[in-house]
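Report on the following structure.
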Amino acid sequence: MKFHIEVVHPERCIGCYSCVYACSRHLFNIIDPSKVAVFVRVNGTLANPFTVIACRFCKNPECALVCPRGALQPLPEGGITLIVSKCEGCKTFDCITACMIRALALDKMTNFPIICDRCGDCAKYCPHNVFKYEEMK
Amino acid sequence: MSSRILYVNLSERSSRVVDRPDLFSKYLGGSGIASKLLLEEVRPGIDPFSPEAPIIFAAGYMTGVFPCMVKAIAMFKSPLTKNLGESHSGGHFASALRFAGYSALVIHGASEHPIIIKIIDDEVKVKMADSLWGLSPLDVEKALRECSYDGMQSVISCGKAGENLVCYSNVIVDRFHHFGRLGLGAIFGSKKLKAISILGRKGIPLENPLAVKEIYEKLHHKVVTSDEMSKYHNLGTSANMLELNELGALPTHNFKESRFKDAERISGETMAESLLRRKISCPGCPIACIHLAGLKTSFAPEHERGKKEIFYEEVLVPYNYEAMYALGNNLLIKDKRDLILLIYRCESLGLDAMMMGTVLAWVTEAFEEGRITLDETLGIKPAWGDAEAYIKIIDNTVEMKNKFYAKLAQGVVAASEKYGGREYAMALGNNGMAGYITGYGAILGPLVGARHSHLSNSGYSIDQKIINQPISIEQIVDFLIDQEDWLYVLYSLGVCYFARRIYSKEVVCEALKTLGIDKTQDELMKMGKEIFHNLYKFKVREGFELSEQNIPKRIFEVQTPHGKLEFEKIKSMMDYYIKKREKEGLHLKPEAKALKELLK
Ligand code: SF4
Ligand code: SF4
Ligand code: SF4
């Protein structure tokens with residue numbers, strides 16, 4: 001089952017990291033705020049509201065455009081998939097920094113970018129309805 | 001799971017990692033580990049401010065793995081009680097420590113100049129920090145917050161109160177949480193340790209991820225939907241104010257009364273309607289019990305050149321029931337903004353609001369009685385409900401302006417021993433009392449609890465449950481013992497006290513199994529008891545005598561939901577408690593000295 005997810009109410013975020021932990025459990029069977037495709041970022045101080053970032057499933061993904069090996073393949077429904085055989089784990093951070101909202105992180109173990117697979121777990125575990133999510137037909 | 005302990009020596013500015021699988025397989029983490037390290041690392045009779053006196057931090061065994069596993073445990077020798085210092089904090093600290101690859105952090109030594117400890121995974125640095133000295137913990141948090149795209153960071157720091165060695169100064173954790181009690185801030189100050197920043201960027205691997213996910217989902221659902229937890233989420237602990245007032249268990253006017261006629265004006269409900277701006281949570285906990293009030297102050301009036309002010313600056317101030325009771329109803333503060341202002345002062349200076357409130361209440365009464373005069377207070381007239389005067393007293397205490405204020409900086413018991421008024425110096429086990437005059441549990445609990453906290457064994461909570469029920473005092477004592485032993489199991493795992501009801505014995509056994517730990521409920525209880533015994537071994541070794549603990553007389557003069565409490569009853573409860581604990585093989589002072597004598 002795949003979901004369309006969207007951060008719609010970041011101002012409601014309480015910084016519980018339920019989304020982040022859920023994502024790392026789902027993608028890597030680990031608890032690790034660095035190995036995720038959804039991010040809760042602190043802006044200079046905890047007195048400021050958090051920034052919540054998830055992939056926006058772009059129609060023309062910047063991250064894919066910059067990859068010289070075409071390892072990030074745009075999907076018809078928006079967003080990307082990683083063709084592992086093409087990715088060199090080049091560590092130039094091109095794809096990571098190309099994304100304006102920094103929704104991509106690099107897996108430090110493999111040097112592959114971490115791609116959201118639309119499982120919807122982050123949204124399901126969010127207690128404050130920061131995300132909107134619906135099943136994709 | 002990691003069994004790595006990071007040792008940092010401030011005198012040598014060095015660090016090393018020691019792997020202690022022996023310790024972790026026995027005690028899992030958190031309070032268990034810390035209790036054992038305390039016995040190992042602290043030389044008997046050590047001066048709390050001696051450079052060798054260590055600070056021990058431990059993260060729970062399940063930190064981050066299951067919901068509400070967030071608490072970090074700190075142990076040290078307390079400058080307030082000259083005995084066991086134990087304080088727990090939420091926030092990012094335990095998680096950041098775990099993500100950096102450690103389960104505990106032990107700090108030895110002291111520096112001559114202000115320093116901080118900065119940890120990024122395996123990189124550990126002791127750095128000069130003159131520029132941070134004198135800053136409020138709130139400014140330190142801003143200064144040290146990394147602009148990092150990954151990992152989790154925690155910043156903890158002491159305030160001016162800690163720098164000046166106020167015996168009940170705290171360490172503020174990630175701006176809104178605290179190692180609040182028993183004076184850890186002063187231990188930081190004595191070491192010239194202003195702050196610790198940890199950025200953890202590693203993961204916590206799962207042995208059996210499928211099983212973890214299954215239990216996680218169940219527990220998360222329970223936390224989010226159960227009625228028990230909705231209180232913490234909705235109004236937070238500040239909901240207690242009106243509940244206790246209704247019950248006649250709300251300490252007011254320095255415990256002279258148990259109801260406050262203006263409770264509604266400063267209640268959690270009022271706060272939520274007017275000043276509440278945001279709520280935040282600890283990582284891994286969906287509850288969000290931390291309630292933040294917006295405190296507006298007019299922005300530079302001179303800037304406006306006498307015109308009607310239009311600009312305000314606003315700061316966020318965390319409020320919870322304990323701070324509200326101590327600086328609110330107990331001081332007859334009836335203006336909500338005054339109350340938040342007082343809390344903010346304590347936050348900015350890094351003070352335990354509960355002890356500070358107790359001190360202010362005692363000062364007001366001692367002044368009324370003429371035990372202290374304007375000479376001592378340097379011209380300030382302490383008066384019930386007068387926030388302005390109270391703020392000046394707080395500032396003078398932190399600055400230790402004269403001998404009197406220096407005494408206040410040692411806590412309410414020390415002050416009353418010098419100036420009199422011990423009968424209304426509201427402390428149990430030398431720790432400022434919590435905001436419950438609910439019955440016998442609220443008194444005996446903190447008195448016997450290892451860290452003299454109302455959370456030691458939930459005495460205040462059992463009081464409320466047994467109103468109008470035929471429960472013997474022995475049953476109350478049995479509950480306190482069981483509860484404290486069990487809570488030490490939970491504190492070894494990292495469970496937040498507020499989630500204690502989610503983590504029943506069955507649930508804990510089941511959850512541990514997914515992490516490869518097969519322990520029966522009995523084995524866990526035994527572990528909890530052993531942790532408690534470890535702590536009491538330390539306490540007795542450092543000169544603590546349970547049977548000689550003092551109870552302020554005021555306690556027996558106020559109405560509670562269980563009527564006026566009787567001294568004789570508490571005495572027999574204490575006797576029974578001591579007998580039971582000794583039967584477990586715990587060495588306490590064998591003969592319980594009559595408490596009556598101590599009431600003189
Ligand atoms: S949908 Fe799944 S993979 Fe994508 S960010 Fe959320 S939890 Fe991670
Ligand atoms: S789960 Fe929701 S509230 Fe919690 S950190 Fe993520 S976005 Fe924020
Ligand atoms: S209930 Fe509050 S203190 Fe406990 S873990 Fe959740 S947010 Fe933190």
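By order of appearance in the structure tokens: chains A, B, ..., then residues from 1 within every chain, and ligands from 1 in the order shown.
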
### Query
What do you get as an MDAnalysis selection string if you pick all residues at most 7 Å from ligand 2, counting only C-alpha atoms and all ligand atoms?
(chainID A and resid 10 12:20 40 52 122:123 125:131) or (chainID B and resid 286)

Test item: residues no farther than 9 Å from ligand 3, counting only C-alpha atoms and all ligand atoms, as an mmCIF file with C-alpha atoms, in the first residue's frame:
data_model
loop_
_atom_site.group_PDB
_atom_site.id
_atom_site.type_symbol
_atom_site.label_atom_id
_atom_site.label_comp_id
_atom_site.auth_asym_id
_atom_site.auth_seq_id
_atom_site.Cartn_x
_atom_site.Cartn_y
_atom_site.Cartn_z
ATOM 1 C CA ILE A 14 5.445 19.088 19.215
ATOM 2 C CA CYS A 16 7.966 14.117 19.500
ATOM 3 C CA PRO B 67 7.215 5.231 23.375
ATOM 4 C CA CYS B 68 7.990 7.584 26.296
ATOM 5 C CA MET B 69 11.421 6.068 26.889
ATOM 6 C CA VAL B 70 13.095 9.378 27.393
ATOM 7 C CA LYS B 71 14.384 9.841 30.885
ATOM 8 C CA SER B 89 15.162 14.693 33.253
ATOM 9 C CA GLY B 90 13.264 14.408 30.019
ATOM 10 C CA GLY B 91 14.260 16.310 26.921
ATOM 11 C CA HIS B 177 13.308 20.357 30.937
ATOM 12 C CA MET B 229 -2.516 10.104 29.354
ATOM 13 C CA TYR B 232 -0.856 15.250 30.589
ATOM 14 C CA HIS B 233 -1.533 16.169 27.012
ATOM 15 C CA GLY B 236 -0.610 19.022 31.609
ATOM 16 C CA LYS B 279 3.292 22.350 23.822
ATOM 17 C CA ILE B 280 6.338 20.279 23.255
ATOM 18 C CA SER B 281 7.402 16.747 23.873
ATOM 19 C CA CYS B 282 10.409 14.604 24.494
ATOM 20 C CA PRO B 283 11.734 12.610 21.534
ATOM 21 C CA GLY B 284 9.834 9.376 21.227
ATOM 22 C CA CYS B 285 6.915 10.512 23.341
ATOM 23 C CA PRO B 286 3.690 11.624 21.678
ATOM 24 C CA ILE B 287 2.218 13.117 24.875
ATOM 25 C CA ALA B 288 3.647 16.645 24.891
ATOM 26 C CA CYS B 289 3.222 17.371 28.576
ATOM 27 C CA ILE B 290 5.478 20.427 28.422
ATOM 28 C CA VAL B 495 10.278 5.222 31.191
ATOM 29 C CA CYS B 496 8.817 8.636 31.858
ATOM 30 C CA TYR B 497 6.973 8.707 35.189
ATOM 31 C CA PHE B 498 3.846 9.912 33.417
ATOM 32 C CA ALA B 499 3.775 6.756 31.325
#

### Query
If you measure from atom CA of Leu565 of chain B to atom CA of Lys256 of chain B, what distance in Å do you get, rounded to one decimal?
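If I compute the distance from atom CA of Leu565 of chain B to atom CA of Lys256 of chain B, I get 13.3 Å.
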
Which residues form the shell of 8 Å around ligand 1 when you count only C-alpha atoms and all ligand atoms, given as a PDB file with N, CA, C and O atoms, in the first residue's frame?
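Output below, filename part.pdb:
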ATOM      1  N   PHE A   3       1.159   5.593  -0.105  1.00  0.00           N
ATOM      2  CA  PHE A   3       0.410   6.768   0.340  1.00  0.00           C
ATOM      3  C   PHE A   3       0.974   8.036  -0.265  1.00  0.00           C
ATOM      4  O   PHE A   3       2.171   8.141  -0.532  1.00  0.00           O
ATOM      5  N   HIS A   4       0.064   8.977  -0.469  1.00  0.00           N
ATOM      6  CA  HIS A   4       0.541  10.321  -0.738  1.00  0.00           C
ATOM      7  C   HIS A   4       0.604  11.032   0.607  1.00  0.00           C
ATOM      8  O   HIS A   4      -0.385  11.091   1.317  1.00  0.00           O
ATOM      9  N   ILE A   5       1.786  11.513   0.966  1.00  0.00           N
ATOM     10  CA  ILE A   5       1.873  12.224   2.243  1.00  0.00           C
ATOM     11  C   ILE A   5       2.327  13.649   1.998  1.00  0.00           C
ATOM     12  O   ILE A   5       3.031  13.948   1.042  1.00  0.00           O
ATOM     13  N   CYS A  19       7.366  10.430  14.102  1.00  0.00           N
ATOM     14  CA  CYS A  19       7.460  10.233  12.658  1.00  0.00           C
ATOM     15  C   CYS A  19       8.860   9.756  12.268  1.00  0.00           C
ATOM     16  O   CYS A  19       9.024   8.816  11.488  1.00  0.00           O
ATOM     17  N   VAL A  20       9.847  10.411  12.846  1.00  0.00           N
ATOM     18  CA  VAL A  20      11.239  10.111  12.522  1.00  0.00           C
ATOM     19  C   VAL A  20      11.593   8.680  12.939  1.00  0.00           C
ATOM     20  O   VAL A  20      12.157   7.908  12.159  1.00  0.00           O
ATOM     21  N   ALA A  22       9.539   6.269  13.429  1.00  0.00           N
ATOM     22  CA  ALA A  22       8.760   5.319  12.632  1.00  0.00           C
ATOM     23  C   ALA A  22       9.428   5.091  11.286  1.00  0.00           C
ATOM     24  O   ALA A  22       9.504   3.963  10.783  1.00  0.00           O
ATOM     25  N   CYS A  23       9.924   6.171  10.710  1.00  0.00           N
ATOM     26  CA  CYS A  23      10.553   6.065   9.398  1.00  0.00           C
ATOM     27  C   CYS A  23      11.815   5.206   9.454  1.00  0.00           C
ATOM     28  O   CYS A  23      12.032   4.345   8.601  1.00  0.00           O
ATOM     29  N   SER A  24      12.648   5.430  10.463  1.00  0.00           N
ATOM     30  CA  SER A  24      13.878   4.626  10.521  1.00  0.00           C
ATOM     31  C   SER A  24      13.571   3.174  10.854  1.00  0.00           C
ATOM     32  O   SER A  24      14.266   2.266  10.395  1.00  0.00           O
ATOM     33  N   HIS A  26      10.908   1.683   9.806  1.00  0.00           N
ATOM     34  CA  HIS A  26      10.370   1.130   8.567  1.00  0.00           C
ATOM     35  C   HIS A  26      11.458   0.887   7.515  1.00  0.00           C
ATOM     36  O   HIS A  26      11.548  -0.181   6.930  1.00  0.00           O
ATOM     37  N   LEU A  27      12.297   1.882   7.304  1.00  0.00           N
ATOM     38  CA  LEU A  27      13.261   1.760   6.204  1.00  0.00           C
ATOM     39  C   LEU A  27      14.469   0.889   6.553  1.00  0.00           C
ATOM     40  O   LEU A  27      14.996   0.184   5.705  1.00  0.00           O
ATOM     41  N   VAL A  36      16.714   8.492   7.823  1.00  0.00           N
ATOM     42  CA  VAL A  36      15.285   8.711   7.624  1.00  0.00           C
ATOM     43  C   VAL A  36      15.005   9.500   6.354  1.00  0.00           C
ATOM     44  O   VAL A  36      15.906  10.125   5.784  1.00  0.00           O
ATOM     45  N   ALA A  37      13.744   9.473   5.987  1.00  0.00           N
ATOM     46  CA  ALA A  37      13.307  10.288   4.865  1.00  0.00           C
ATOM     47  C   ALA A  37      12.291  11.335   5.321  1.00  0.00           C
ATOM     48  O   ALA A  37      11.613  11.955   4.520  1.00  0.00           O
ATOM     49  N   VAL A  38      12.177  11.493   6.618  1.00  0.00           N
ATOM     50  CA  VAL A  38      11.327  12.561   7.154  1.00  0.00           C
ATOM     51  C   VAL A  38      12.120  13.217   8.278  1.00  0.00           C
ATOM     52  O   VAL A  38      12.837  12.541   9.010  1.00  0.00           O
ATOM     53  N   ALA A  54       9.238  16.478   4.598  1.00  0.00           N
ATOM     54  CA  ALA A  54       9.142  15.176   3.941  1.00  0.00           C
ATOM     55  C   ALA A  54       9.181  15.434   2.445  1.00  0.00           C
ATOM     56  O   ALA A  54       8.904  16.549   1.992  1.00  0.00           O
ATOM     57  N   CYS A  55       9.533  14.418   1.702  1.00  0.00           N
ATOM     58  CA  CYS A  55       9.607  14.529   0.247  1.00  0.00           C
ATOM     59  C   CYS A  55       8.309  15.097  -0.319  1.00  0.00           C
ATOM     60  O   CYS A  55       7.216  14.736   0.109  1.00  0.00           O
ATOM     61  N   ILE A 115      15.554   7.289   0.242  1.00  0.00           N
ATOM     62  CA  ILE A 115      14.359   7.693  -0.505  1.00  0.00           C
ATOM     63  C   ILE A 115      13.088   7.250   0.218  1.00  0.00           C
ATOM     64  O   ILE A 115      12.988   6.114   0.667  1.00  0.00           O
ATOM     65  N   CYS A 116      12.144   8.164   0.303  1.00  0.00           N
ATOM     66  CA  CYS A 116      10.841   7.832   0.884  1.00  0.00           C
ATOM     67  C   CYS A 116      10.132   6.829  -0.012  1.00  0.00           C
ATOM     68  O   CYS A 116      10.043   7.024  -1.223  1.00  0.00           O
ATOM     69  N   ASP A 117       9.621   5.753   0.583  1.00  0.00           N
ATOM     70  CA  ASP A 117       8.893   4.792  -0.254  1.00  0.00           C
ATOM     71  C   ASP A 117       7.380   4.861  -0.035  1.00  0.00           C
ATOM     72  O   ASP A 117       6.656   3.937  -0.358  1.00  0.00           O
ATOM     73  N   ARG A 118       6.937   5.956   0.538  1.00  0.00           N
ATOM     74  CA  ARG A 118       5.507   6.243   0.672  1.00  0.00           C
ATOM     75  C   ARG A 118       4.746   5.233   1.519  1.00  0.00           C
ATOM     76  O   ARG A 118       3.601   4.905   1.234  1.00  0.00           O
ATOM     77  N   CYS A 119       5.392   4.766   2.562  1.00  0.00           N
ATOM     78  CA  CYS A 119       4.713   3.778   3.402  1.00  0.00           C
ATOM     79  C   CYS A 119       3.647   4.420   4.286  1.00  0.00           C
ATOM     80  O   CYS A 119       2.742   3.748   4.772  1.00  0.00           O
ATOM     81  N   GLY A 120       3.801   5.724   4.546  1.00  0.00           N
ATOM     82  CA  GLY A 120       2.791   6.425   5.341  1.00  0.00           C
ATOM     83  C   GLY A 120       2.975   6.314   6.848  1.00  0.00           C
ATOM     84  O   GLY A 120       2.199   6.889   7.613  1.00  0.00           O
ATOM     85  N   ASP A 121       3.993   5.617   7.282  1.00  0.00           N
ATOM     86  CA  ASP A 121       4.166   5.413   8.732  1.00  0.00           C
ATOM     87  C   ASP A 121       4.330   6.733   9.493  1.00  0.00           C
ATOM     88  O   ASP A 121       3.792   6.905  10.578  1.00  0.00           O
ATOM     89  N   CYS A 122       5.104   7.643   8.924  1.00  0.00           N
ATOM     90  CA  CYS A 122       5.341   8.916   9.624  1.00  0.00           C
ATOM     91  C   CYS A 122       4.008   9.585   9.935  1.00  0.00           C
ATOM     92  O   CYS A 122       3.760  10.025  11.057  1.00  0.00           O
ATOM     93  N   ALA A 123       3.160   9.651   8.919  1.00  0.00           N
ATOM     94  CA  ALA A 123       1.874  10.323   9.094  1.00  0.00           C
ATOM     95  C   ALA A 123       0.994   9.577  10.089  1.00  0.00           C
ATOM     96  O   ALA A 123       0.316  10.180  10.916  1.00  0.00           O
TER      97      ALA A 123
END

### Message
Would you mind listing, as a ChimeraX atom specification, all residues of chain B that have at least one atom within 9 Å of chain A, where only C-alpha atoms are what counts?
### Response
/B:64-65,67,99,138,141-152,174-176,200-210,213,217,220-221,224,278-288,315-316

### Query
Leaving out Lys579 of chain B and any residue of its chain fewer than 2 positions from it, which residues lie within 12 Å of it when counting only C-alpha atoms, given as a count of residues only?
24

#### Entry: Test item: residues at most 10 Å from Leu455 of chain B, only C-alpha atoms, excluding those fewer than 5 positions along its chain, as a list in words
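Residues near the query, excluding close chain neighbours: Ala434, Ala442, Gly445, Pro446, Gly449, Tyr460, Ser461, Gln483, Glu484, Leu487, Tyr497 and Phe498 of chain B.
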
Just-selected residues, C-alpha atoms written as a PDB file, in the first residue's frame:
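Writing done, so here's result18.pdb:
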ATOM      1  CA  ALA B 434       5.914  18.957  46.522  1.00  0.00           C
ATOM      2  CA  ALA B 442       2.403  12.416  50.627  1.00  0.00           C
ATOM      3  CA  GLY B 445       6.603   8.776  50.664  1.00  0.00           C
ATOM      4  CA  PRO B 446       9.154  11.553  50.204  1.00  0.00           C
ATOM      5  CA  GLY B 449      12.087   7.729  49.217  1.00  0.00           C
ATOM      6  CA  TYR B 460       0.463  11.558  46.974  1.00  0.00           C
ATOM      7  CA  SER B 461      -1.313   9.475  44.378  1.00  0.00           C
ATOM      8  CA  GLN B 483       5.961   1.209  44.012  1.00  0.00           C
ATOM      9  CA  GLU B 484       9.445   2.567  44.642  1.00  0.00           C
ATOM     10  CA  LEU B 487       9.708   2.555  39.596  1.00  0.00           C
ATOM     11  CA  TYR B 497       6.973   8.707  35.189  1.00  0.00           C
ATOM     12  CA  PHE B 498       3.846   9.912  33.417  1.00  0.00           C
TER      13      PHE B 498
END

Residues near segment 74-85 of chain B, anyone? I mean within 9 Å using only C-alpha atoms, not counting same-chain ones fewer than 3 positions away, as a compact mmCIF listing (two decimals) with N, CA, C and O atoms, in the first residue's frame.
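Saved to result17.txt:
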# COMPACT_ATOMS: atom_id res chain seq x y z
N GLY B 30 20.01 3.17 32.97
CA GLY B 30 19.42 4.21 33.82
C GLY B 30 19.81 4.16 35.27
O GLY B 30 20.99 4.14 35.63
N SER B 31 18.79 4.15 36.13
CA SER B 31 19.03 4.25 37.57
C SER B 31 19.82 3.05 38.10
O SER B 31 20.58 3.19 39.06
N ALA B 34 23.43 3.71 37.22
CA ALA B 34 23.91 4.88 37.97
C ALA B 34 24.10 4.53 39.44
O ALA B 34 25.07 4.97 40.07
N SER B 35 23.19 3.73 40.01
CA SER B 35 23.31 3.40 41.44
C SER B 35 24.59 2.62 41.71
O SER B 35 25.24 2.79 42.73
N LEU B 37 27.36 2.64 39.73
CA LEU B 37 28.50 3.52 39.49
C LEU B 37 28.72 4.46 40.66
O LEU B 37 29.86 4.79 41.02
N LEU B 38 27.63 4.88 41.27
CA LEU B 38 27.71 5.77 42.42
C LEU B 38 28.52 5.11 43.53
O LEU B 38 29.42 5.71 44.12
N VAL B 42 32.17 7.05 43.97
CA VAL B 42 32.17 8.13 44.95
C VAL B 42 32.87 7.69 46.23
O VAL B 42 32.43 6.75 46.89
N GLY B 45 32.18 9.83 52.16
CA GLY B 45 32.35 11.09 52.88
C GLY B 45 32.85 12.25 52.04
O GLY B 45 33.24 13.29 52.56
N ILE B 46 32.84 12.10 50.76
CA ILE B 46 33.41 13.13 49.89
C ILE B 46 32.61 14.44 49.98
O ILE B 46 31.39 14.42 50.17
N ASP B 47 33.30 15.54 49.90
CA ASP B 47 32.65 16.85 49.83
C ASP B 47 32.01 16.98 48.44
O ASP B 47 32.67 16.76 47.44
N PRO B 48 30.71 17.34 48.40
CA PRO B 48 30.04 17.42 47.09
C PRO B 48 30.77 18.33 46.10
O PRO B 48 30.69 18.11 44.89
N PHE B 49 31.45 19.34 46.62
CA PHE B 49 32.13 20.28 45.74
C PHE B 49 33.58 19.91 45.47
O PHE B 49 34.31 20.67 44.83
N ALA B 53 34.52 14.57 43.22
CA ALA B 53 33.12 14.13 43.29
C ALA B 53 32.56 14.02 41.88
O ALA B 53 32.53 15.00 41.15
N PRO B 54 32.15 12.83 41.47
CA PRO B 54 31.73 12.66 40.08
C PRO B 54 30.28 13.05 39.83
O PRO B 54 29.48 13.13 40.76
N ILE B 55 29.98 13.26 38.57
CA ILE B 55 28.59 13.37 38.12
C ILE B 55 28.35 12.17 37.21
O ILE B 55 29.14 11.91 36.30
N ILE B 56 27.28 11.46 37.49
CA ILE B 56 26.98 10.26 36.70
C ILE B 56 25.66 10.47 35.95
O ILE B 56 24.66 10.82 36.57
N PHE B 57 25.69 10.29 34.66
CA PHE B 57 24.46 10.33 33.88
C PHE B 57 24.25 8.96 33.25
O PHE B 57 25.21 8.34 32.78
N ALA B 58 23.02 8.50 33.21
CA ALA B 58 22.76 7.24 32.52
C ALA B 58 21.46 7.32 31.74
O ALA B 58 20.48 7.90 32.20
N HIS B 88 16.06 13.30 37.72
CA HIS B 88 15.73 12.73 36.41
C HIS B 88 15.31 13.84 35.46
O HIS B 88 14.70 14.81 35.90
N SER B 89 15.62 13.68 34.20
CA SER B 89 15.16 14.69 33.25
C SER B 89 14.69 14.08 31.95
O SER B 89 15.24 13.09 31.47
N LEU B 165 26.97 28.38 43.29
CA LEU B 165 26.86 27.26 44.24
C LEU B 165 25.62 27.32 45.13
O LEU B 165 25.66 26.93 46.30
N VAL B 166 24.52 27.83 44.60
CA VAL B 166 23.26 27.73 45.34
C VAL B 166 22.90 26.25 45.44
O VAL B 166 22.89 25.54 44.43
N CYS B 167 22.62 25.80 46.65
CA CYS B 167 22.51 24.34 46.89
C CYS B 167 21.32 23.68 46.21
O CYS B 167 21.23 22.47 46.18
N TYR B 168 20.38 24.47 45.72
CA TYR B 168 19.25 23.88 44.98
C TYR B 168 19.16 24.44 43.56
O TYR B 168 18.08 24.59 43.00
N PHE B 179 17.13 18.74 35.12
CA PHE B 179 17.58 17.93 36.24
C PHE B 179 17.33 18.86 37.42
O PHE B 179 18.18 19.66 37.78
N ARG B 181 16.24 18.68 40.77
CA ARG B 181 16.28 18.66 42.22
C ARG B 181 17.64 18.28 42.79
O ARG B 181 18.44 17.62 42.16
N LEU B 182 17.84 18.73 44.00
CA LEU B 182 18.99 18.34 44.83
C LEU B 182 20.32 18.95 44.39
O LEU B 182 21.38 18.51 44.81
N GLY B 183 20.27 19.96 43.52
CA GLY B 183 21.45 20.82 43.38
C GLY B 183 22.52 20.41 42.38
O GLY B 183 23.69 20.75 42.56
N LEU B 184 22.13 19.72 41.31
CA LEU B 184 23.15 19.36 40.32
C LEU B 184 23.81 20.60 39.71
O LEU B 184 24.99 20.59 39.36
N ALA B 186 24.80 23.28 41.11
CA ALA B 186 25.95 23.72 41.91
C ALA B 186 27.15 22.81 41.70
O ALA B 186 28.30 23.25 41.78
N ILE B 187 26.89 21.54 41.43
CA ILE B 187 28.02 20.64 41.15
C ILE B 187 28.67 21.04 39.83
O ILE B 187 29.89 21.10 39.71
N GLN B 410 21.33 27.94 50.91
CA GLN B 410 21.58 26.56 51.34
C GLN B 410 20.30 25.78 51.55
O GLN B 410 20.33 24.61 51.95
N GLY B 411 19.17 26.44 51.34
CA GLY B 411 17.91 25.71 51.46
C GLY B 411 17.14 26.09 52.69
O GLY B 411 17.64 26.76 53.60
N GLY B 429 13.14 15.18 54.24
CA GLY B 429 14.45 14.68 53.82
C GLY B 429 15.30 15.81 53.27
O GLY B 429 16.11 15.59 52.38
N ASN B 430 15.06 17.02 53.76
CA ASN B 430 15.83 18.19 53.36
C ASN B 430 15.49 18.71 51.97
O ASN B 430 16.10 19.66 51.48
N ASN B 431 14.57 18.08 51.31
CA ASN B 431 14.18 18.51 49.96
C ASN B 431 12.85 19.26 50.06
O ASN B 431 11.94 18.80 50.75
N ALA B 450 14.25 7.26 48.28
CA ALA B 450 15.71 7.43 48.19
C ALA B 450 16.07 8.85 47.81
O ALA B 450 17.04 9.41 48.32
N ARG B 451 15.30 9.46 46.90
CA ARG B 451 15.68 10.82 46.50
C ARG B 451 14.72 11.87 47.08
O ARG B 451 14.66 13.00 46.63
N LEU B 535 21.08 2.34 46.59
CA LEU B 535 20.99 3.76 46.90
C LEU B 535 20.98 3.99 48.41
O LEU B 535 21.59 4.92 48.92
N TYR B 536 20.29 3.12 49.13
CA TYR B 536 20.27 3.27 50.58
C TYR B 536 21.61 2.93 51.22
O TYR B 536 21.99 3.50 52.22
N PHE B 538 24.33 3.64 49.91
CA PHE B 538 25.04 4.90 49.74
C PHE B 538 24.59 5.91 50.79
O PHE B 538 25.40 6.57 51.44
N LYS B 539 23.30 6.01 50.96
CA LYS B 539 22.76 7.01 51.89
C LYS B 539 23.23 6.76 53.31
O LYS B 539 23.68 7.67 54.00
N VAL B 540 23.12 5.51 53.74
CA VAL B 540 23.51 5.18 55.12
C VAL B 540 25.01 5.40 55.29
O VAL B 540 25.47 5.97 56.27
N GLU B 542 26.74 7.54 53.84
CA GLU B 542 27.02 8.99 53.91
C GLU B 542 26.34 9.64 55.11
O GLU B 542 26.24 10.86 55.18
N GLY B 543 25.82 8.82 56.00
CA GLY B 543 25.32 9.37 57.26
C GLY B 543 23.82 9.59 57.35
O GLY B 543 23.34 10.27 58.26
N PHE B 544 23.06 9.01 56.45
CA PHE B 544 21.61 9.22 56.49
C PHE B 544 20.97 8.30 57.52
O PHE B 544 21.22 7.10 57.54

### Task
Once DSSP has gone over the backbone, tell me which residues of segment 217-324 of chain B are in alpha helix (DSSP H), as a VMD selection string.
chain B and resid 217 to 225 227 to 234 240 to 247 268 to 274 321 to 324

### Non-local contacts of Phe112 of chain A (9 Å; only C-alpha atoms; under 6 positions in same chain excluded) as an NGL selection string
:A and (82 or 84 or 87-91 or 105-106)

### Task
Give the strand (DSSP E or B) residues of chain A, as assigned by DSSP on the backbone, as a ChimeraX atom specification.
/A:3-7,30-31,38-41,51-54,72-74,80-82,105-106,113-114,131-135

### Summary
Across A:Pro61, A:Pro76, A:Gly70, A:Pro113, the smallest distance to Thr92 of chain A, with only C-alpha atoms counted, is shown by A:Pro113

### Query
Between atom CA of Lys381 of chain B and atom CA of Val412 of chain B, what is the spacing in Å?
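Calculated distance between atom CA of Val412 of chain B and atom CA of Lys381 of chain B is 18.2 Å.
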
### Message
So that I can see what lies close to segment 330-336 of chain B, please list as a count of residues only the residues with an atom at most 8 Å from it, counting only C-alpha atoms and leaving out residues fewer than 4 positions away in the same chain.
### Response
21

### Message
Which residue is closest to Gly370 of chain B? Choose from B:Gly268, B:Lys580, B:Phe479, B:Gly420 and count only C-alpha atoms.
### Response
B:Gly420
